[in-house]
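Q: Encoded as structure tokens, here's the structure I'll be asking about.
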Amino acid sequence: MLTKSLKKAVVLIMSALLMISVGMVTNKASAAQVVVSKIVTGSNGKSYVEVDGMPFMYENVENMGTWQLKGFNDNAINGYTTPLPQDWLENVFEKTKNAGYGMISLFLNWNDIEPTSQGVYDWTLIDKYISWGQKYSLRISFTWMGTDTGGGTRLPGYGAGWATQVPQYLQDWSTYWNTKGTPPASAKTSHYVFYATKTGTAGTNLKTWEKATLTALCNHLATADTTHRVISLMIENETHNIPDSWMSELAAAVKSSNYVMVVGQHQQKPDYRAISNYDFVGFDDYSTSISSKLGYLNSSPTSLKVETESGGNADNLTSVTVAAIANSGWLQAWELNDAFGNCYQYGMYETPNADYVNFKPDYLNWTLGTMPTLKYGAQKNKRLQLAFSNGYWVIAQAAASEMIAFNIETDKPVASYLSIKTLKGQSIGFKSDAADSKGNGSVGLVVNKGNSYYLLSDTGTTVTYYTRVAPTSATYGYQDTNGNWVSQGNVTVTTNSDGTWGIPVSASQVIKLDLPASSGNSATSATASATSLHSGSVASYVNDGTTSTSLVSADNPTFPYYATLSWSTGQTINDVNVKTIYSQRQAPTDYDVQITTDGSTWTTVASKTNLTYSYSDGTVETVDIPFTSRSNVKGLRLKINGANLYYKHVVISELETYGN
């Protein structure tokens, strides 16, 4: 017979063994603090994510994590009769890698790691995620689904109750989720979200326990995730219930844990705002409009600019992605596969066997080793993401002024598109491939670093870039983990009859193009003058090297209106950039570019007519005007014959001149 004290000892030993068997721990720190990821701002002003001291491309596609194991009907109380096994989730890692990404984003529900009792944690799923991240060479971002997921939570016994994200000990609505009062009868038959209790003992406990769980998660990662698969944590999702001070405390818990990483949040307007202790906030926008995307990015309240959800099913996914990156932003696609609610339409993969009427999504048929077919836009995006992986080091750190994008002037990329633009004094052209199966062309991106220009595209065939000077070298290859270029071979450069050089770029390639040093923007050394000036404006604003100041004409100007640059010594010029802001309301629409070599006789070398613009805000729009090279230029002027006069005056933010 066991004595009372011996019985107690046996019970304690068995309890300890049970805690070890399911990975239960307290929040006590068990490892020295490590900073896995952080936001870095370079000398060029670009903010980007750094992981283990190296720049990182913050591009990923999301999925719903364990929710997709449990059910699909957003209104039903119960989910699948037989849920999918947890190991099925390896599929989303395999399919994310197949989609071309180097990063996966998963919903992480509170009850995934703290299922029943406060302070009792189960790390089984987290450890599987880490293992799969290693197997498929994927970094991981978690979207923490805690107290405020669209305002709160779902609860068992109510619409979509099978999808509750909170632990069993917190599932009493009257104690912890009573902000909206007694749930209506309809809550039993349709989707219903309970809002968290924010006051009293219950509110305090809810916040305290959530902080403790996040601390425990991070401290577990400090010992379990030795290769740093997990690099960011999005805390709460599309919030509009708990206060910012609450969320700030949650983020602070991560920052003071043993595993410090980037913290962000998905938001929606009108709730788009910065939150203390969050490294960034992003916006969820499902339009396919490039101007809409850039409008959100340009109004980002944080230095790291991210669109946190954009439809993964969009035909122009690569267009909006390249537009975001070329404007110093990032884009996360939503989502990998069809999921419950109305989200199934945004999946990246085709769904030939889906039966949505009976709530049977296609992913139920997914098995490891068998790849479903990517949708049209996702196939293009795969090629783009693979190209990104070859040039990630330079792309991640490049500022908007160090990149140019092609074929994003329209939401649908134009087949056989041809345009020449200027980047760091070099004229670079891009010609898209012919129309594909949907009548679209390809987009292009050029990134500058010193005298090197990195060329890439989403093409499935071959596109061609052009330069006005002979390249010193052109190679295809990739950047290694230290950012060094590893050449895999030379690219055949063609010499064209029009005095340009052609550089072909094939699917998923990055071409490193080295060009002779450019003479730079010669306009900054000129003396500026103008026909008339608005009060507060001076002519030199047109060539002072910044778009933060602008040449503004007097109201109701008489045309032609002249903006003139003069040099004391002759210049060689073959390209002009005209930069404007609020362009739909005040930019010139019709003008001639004229030069003089003697200061008195003017010759027209290029003209622009019927110009249209995309923006009526502070977005800088550039009109690039290449022409046959002219030498000994003593003066250059814009002869403006017409303009948008909504504000009654003409504005030029910057007039730049280049010659090679």
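Chain labels run A, B, ... following the order of the structure tokens; each chain numbers its residues from 1, and ligands are numbered from 1 in the order shown.
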Skipping near chain neighbours, those fewer than 6 positions away, what residues fall within 7 Å of region 407-414 of chain A using only C-alpha atoms, listed as a PDB file with N, CA and C atoms, in the first residue's frame?
A:
ATOM      1  N   SER A 289      -6.393  46.788 -59.327  1.00  0.00           N
ATOM      2  CA  SER A 289      -5.969  48.093 -59.826  1.00  0.00           C
ATOM      3  C   SER A 289      -4.589  48.447 -59.283  1.00  0.00           C
ATOM      4  N   ILE A 290      -3.659  48.702 -60.187  1.00  0.00           N
ATOM      5  CA  ILE A 290      -2.317  49.090 -59.765  1.00  0.00           C
ATOM      6  C   ILE A 290      -2.342  50.416 -59.016  1.00  0.00           C
ATOM      7  N   ASN A 316      -3.395  39.481 -63.150  1.00  0.00           N
ATOM      8  CA  ASN A 316      -2.291  40.456 -63.184  1.00  0.00           C
ATOM      9  C   ASN A 316      -1.522  40.487 -61.862  1.00  0.00           C
ATOM     10  N   SER A 319       1.807  41.966 -62.233  1.00  0.00           N
ATOM     11  CA  SER A 319       1.791  43.409 -62.473  1.00  0.00           C
ATOM     12  C   SER A 319       1.742  44.172 -61.157  1.00  0.00           C
ATOM     13  N   ALA A 323       4.790  46.380 -59.492  1.00  0.00           N
ATOM     14  CA  ALA A 323       4.488  47.777 -59.178  1.00  0.00           C
ATOM     15  C   ALA A 323       4.789  48.066 -57.715  1.00  0.00           C
ATOM     16  N   ASN A 440      -2.152  38.761 -73.094  1.00  0.00           N
ATOM     17  CA  ASN A 440      -1.336  39.660 -72.295  1.00  0.00           C
ATOM     18  C   ASN A 440       0.140  39.559 -72.661  1.00  0.00           C
ATOM     19  N   GLY A 441       0.883  40.602 -72.319  1.00  0.00           N
ATOM     20  CA  GLY A 441       2.326  40.590 -72.439  1.00  0.00           C
ATOM     21  C   GLY A 441       2.962  40.329 -71.085  1.00  0.00           C
ATOM     22  N   SER A 442       4.247  40.611 -70.979  1.00  0.00           N
ATOM     23  CA  SER A 442       4.993  40.405 -69.743  1.00  0.00           C
ATOM     24  C   SER A 442       5.373  41.741 -69.121  1.00  0.00           C
ATOM     25  N   VAL A 443       5.664  41.701 -67.840  1.00  0.00           N
ATOM     26  CA  VAL A 443       6.167  42.879 -67.140  1.00  0.00           C
ATOM     27  C   VAL A 443       7.667  42.718 -66.932  1.00  0.00           C
ATOM     28  N   GLY A 444       8.334  43.827 -66.708  1.00  0.00           N
ATOM     29  CA  GLY A 444       9.775  43.797 -66.493  1.00  0.00           C
ATOM     30  C   GLY A 444      10.182  44.649 -65.313  1.00  0.00           C
TER      31      GLY A 444
END
Q: Could you give me, as a PyMOL selection string, the residues within 6 Å of region 602-606 of chain A, counting only C-alpha atoms and dropping anything in the same chain fewer than 5 positions from it?
A: chain A and resi 592-596
Q: Might you pull out every residue within 8 Å of region 481-487 of chain A, with only C-alpha atoms counted and same-chain residues fewer than 3 positions away left off, and present them as a list of chain:residue names?
A: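 Contacts, in chain order: A:Met54, A:Trp393, A:Val394, A:Thr475, A:Tyr476, A:Gly477, A:Tyr478, A:Asn490.
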Q: Write out, as a JSON list (two decimals), in the first residue's frame, the residues just selected, with C-alpha atoms.
A:
[["chain", "number", "residue", "atom", "x", "y", "z"],
["A", 54, "MET", "CA", 21.00, 39.43, -44.39],
["A", 393, "TRP", "CA", 19.95, 40.60, -52.19],
["A", 394, "VAL", "CA", 19.95, 43.62, -54.48],
["A", 475, "THR", "CA", 25.75, 37.34, -67.59],
["A", 476, "TYR", "CA", 22.96, 35.22, -66.17],
["A", 477, "GLY", "CA", 23.18, 33.73, -62.70],
["A", 478, "TYR", "CA", 22.24, 34.39, -59.08],
["A", 490, "ASN", "CA", 27.39, 34.86, -70.73]]
Q: Run DSSP on the backbone and grab whatever in region 549-659 of chain A lands in alpha helix (DSSP H); send it over as a list of chain:residue names.
A: A:Ser583, A:Gln584, A:Arg585, A:Gln586
Q: Can you tell me, as a PyMOL selection string, which residues in region 113-320 of chain A count as strand (DSSP E or B) by DSSP?
A: chain A and resi 139-149+152-153+159+191+194-195+230-237+259-260+262-267+282-284+305-311
Q: Mind dumping the selected residues with N, CA and C atoms as a compact mmCIF listing (two decimals), in the first residue's frame?
A:
# COMPACT_ATOMS: atom_id res chain seq x y z
N ARG A 139 11.01 30.04 -45.24
CA ARG A 139 10.83 30.84 -44.03
C ARG A 139 9.34 30.90 -43.72
N ILE A 140 9.02 31.20 -42.47
CA ILE A 140 7.64 31.10 -42.00
C ILE A 140 7.20 32.40 -41.34
N SER A 141 6.00 32.83 -41.67
CA SER A 141 5.34 33.91 -40.94
C SER A 141 4.04 33.36 -40.37
N PHE A 142 3.78 33.64 -39.11
CA PHE A 142 2.51 33.26 -38.48
C PHE A 142 1.60 34.47 -38.39
N THR A 143 0.33 34.29 -38.72
CA THR A 143 -0.68 35.30 -38.41
C THR A 143 -1.42 34.82 -37.17
N TRP A 144 -1.16 35.49 -36.06
CA TRP A 144 -1.72 35.09 -34.77
C TRP A 144 -3.20 35.43 -34.70
N MET A 145 -4.02 34.40 -34.58
CA MET A 145 -5.46 34.57 -34.49
C MET A 145 -5.84 34.44 -33.01
N GLY A 146 -5.87 35.60 -32.34
CA GLY A 146 -6.10 35.61 -30.91
C GLY A 146 -7.42 36.26 -30.55
N THR A 147 -7.36 37.35 -29.77
CA THR A 147 -8.58 37.95 -29.26
C THR A 147 -9.31 38.82 -30.28
N ASP A 148 -8.62 39.25 -31.34
CA ASP A 148 -9.28 40.14 -32.29
C ASP A 148 -8.99 39.70 -33.72
N THR A 149 -9.80 38.78 -34.19
CA THR A 149 -9.74 38.32 -35.57
C THR A 149 -11.02 38.82 -36.25
N GLY A 152 -13.10 39.63 -33.12
CA GLY A 152 -13.22 38.72 -31.98
C GLY A 152 -12.99 37.27 -32.37
N THR A 153 -13.93 36.41 -31.98
CA THR A 153 -13.77 34.98 -32.22
C THR A 153 -15.11 34.34 -32.55
N GLY A 159 -22.65 29.82 -35.25
CA GLY A 159 -22.23 29.76 -36.64
C GLY A 159 -20.71 29.73 -36.79
N HIS A 191 -22.81 32.70 -39.68
CA HIS A 191 -21.53 33.20 -39.19
C HIS A 191 -21.74 34.28 -38.13
N PHE A 194 -17.95 36.91 -31.91
CA PHE A 194 -18.08 37.45 -30.55
C PHE A 194 -16.92 38.39 -30.27
N TYR A 195 -17.21 39.57 -29.69
CA TYR A 195 -16.17 40.54 -29.40
C TYR A 195 -15.67 40.36 -27.97
N VAL A 230 11.03 30.49 -38.58
CA VAL A 230 9.99 31.48 -38.27
C VAL A 230 10.65 32.85 -38.17
N ILE A 231 10.18 33.79 -39.01
CA ILE A 231 10.85 35.10 -39.05
C ILE A 231 9.91 36.27 -38.79
N SER A 232 8.61 36.05 -38.76
CA SER A 232 7.72 37.18 -38.45
C SER A 232 6.43 36.69 -37.84
N LEU A 233 5.79 37.57 -37.10
CA LEU A 233 4.54 37.26 -36.42
C LEU A 233 3.57 38.42 -36.63
N MET A 234 2.47 38.13 -37.32
CA MET A 234 1.41 39.11 -37.52
C MET A 234 0.42 38.94 -36.37
N ILE A 235 0.32 39.92 -35.49
CA ILE A 235 -0.47 39.76 -34.28
C ILE A 235 -1.86 40.37 -34.46
N GLU A 236 -2.87 39.51 -34.39
CA GLU A 236 -4.29 39.82 -34.64
C GLU A 236 -4.49 40.12 -36.13
N ASN A 237 -5.75 40.16 -36.54
CA ASN A 237 -6.03 40.23 -37.97
C ASN A 237 -7.27 41.08 -38.24
N TYR A 259 13.09 35.15 -28.47
CA TYR A 259 13.10 34.98 -29.93
C TYR A 259 12.46 36.22 -30.54
N VAL A 260 13.28 37.21 -30.84
CA VAL A 260 12.80 38.50 -31.31
C VAL A 260 12.68 38.47 -32.83
N VAL A 262 10.31 40.25 -36.45
CA VAL A 262 9.47 41.32 -36.98
C VAL A 262 8.02 41.06 -36.61
N VAL A 263 7.34 42.12 -36.16
CA VAL A 263 5.92 42.04 -35.79
C VAL A 263 5.12 42.96 -36.70
N GLY A 264 4.05 42.43 -37.26
CA GLY A 264 3.21 43.22 -38.15
C GLY A 264 1.74 42.94 -37.92
N GLN A 265 0.90 43.54 -38.77
CA GLN A 265 -0.54 43.31 -38.66
C GLN A 265 -1.24 43.60 -39.98
N HIS A 266 -2.23 42.76 -40.30
CA HIS A 266 -3.14 43.02 -41.41
C HIS A 266 -4.16 44.07 -40.96
N GLN A 267 -4.40 45.07 -41.80
CA GLN A 267 -5.41 46.08 -41.48
C GLN A 267 -6.28 46.38 -42.70
N GLY A 282 0.14 46.45 -42.55
CA GLY A 282 -0.15 46.36 -43.97
C GLY A 282 -1.63 46.47 -44.21
N PHE A 283 -2.02 46.56 -45.48
CA PHE A 283 -3.43 46.69 -45.81
C PHE A 283 -3.87 45.51 -46.66
N ASP A 284 -5.13 45.16 -46.53
CA ASP A 284 -5.73 44.07 -47.30
C ASP A 284 -6.61 44.68 -48.38
N LYS A 305 6.61 49.04 -46.20
CA LYS A 305 5.33 49.16 -46.89
C LYS A 305 4.94 47.79 -47.44
N VAL A 306 3.81 47.26 -46.95
CA VAL A 306 3.39 45.91 -47.33
C VAL A 306 1.91 45.89 -47.63
N GLU A 307 1.55 45.30 -48.76
CA GLU A 307 0.15 44.93 -48.95
C GLU A 307 0.01 43.51 -48.41
N THR A 308 -0.69 43.36 -47.31
CA THR A 308 -0.71 42.09 -46.60
C THR A 308 -1.67 41.06 -47.18
N GLU A 309 -2.60 41.47 -48.02
CA GLU A 309 -3.44 40.51 -48.71
C GLU A 309 -3.81 41.06 -50.08
N SER A 310 -3.51 40.28 -51.12
CA SER A 310 -3.89 40.61 -52.49
C SER A 310 -4.26 39.31 -53.17
N GLY A 311 -5.32 39.31 -53.96
CA GLY A 311 -5.87 38.08 -54.50
C GLY A 311 -4.86 37.23 -55.25
Q: Just checking: using only C-alpha atoms, which residue out of A:Asn358, A:Ser190, A:Thr197, A:Thr619 ends up closest to Trp173 (chain A)?
A: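 Looking at the shortest contact to Trp173 (chain A), the residue is A:Thr197.
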Q: Please compute the CA of Lys424 (chain A)-CA of Trp567 (chain A) distance, one decimal, in Å.
A: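 Computing the Euclidean distance for CA of Lys424 (chain A) and CA of Trp567 (chain A) yields 20.8 Å.
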Q: Under the rule of at most 8 Å, produce a per-residue listing of region 295-376 of chain A near region 67-89 of chain A: chain, number, name, the closest pair of atoms, and the distance in Å, as CSV, using only C-alpha atoms.
A:
residue,atom,partner,partner_atom,distance
A:Ala339,CA,A:Gln68,CA,6.4
A:Phe340,CA,A:Phe72,CA,4.3
A:Gly341,CA,A:Asp74,CA,5.0
A:Phe359,CA,A:Phe72,CA,5.8
A:Lys360,CA,A:Phe72,CA,7.3
A:Pro361,CA,A:Phe72,CA,7.5
A:Thr367,CA,A:Trp88,CA,7.8
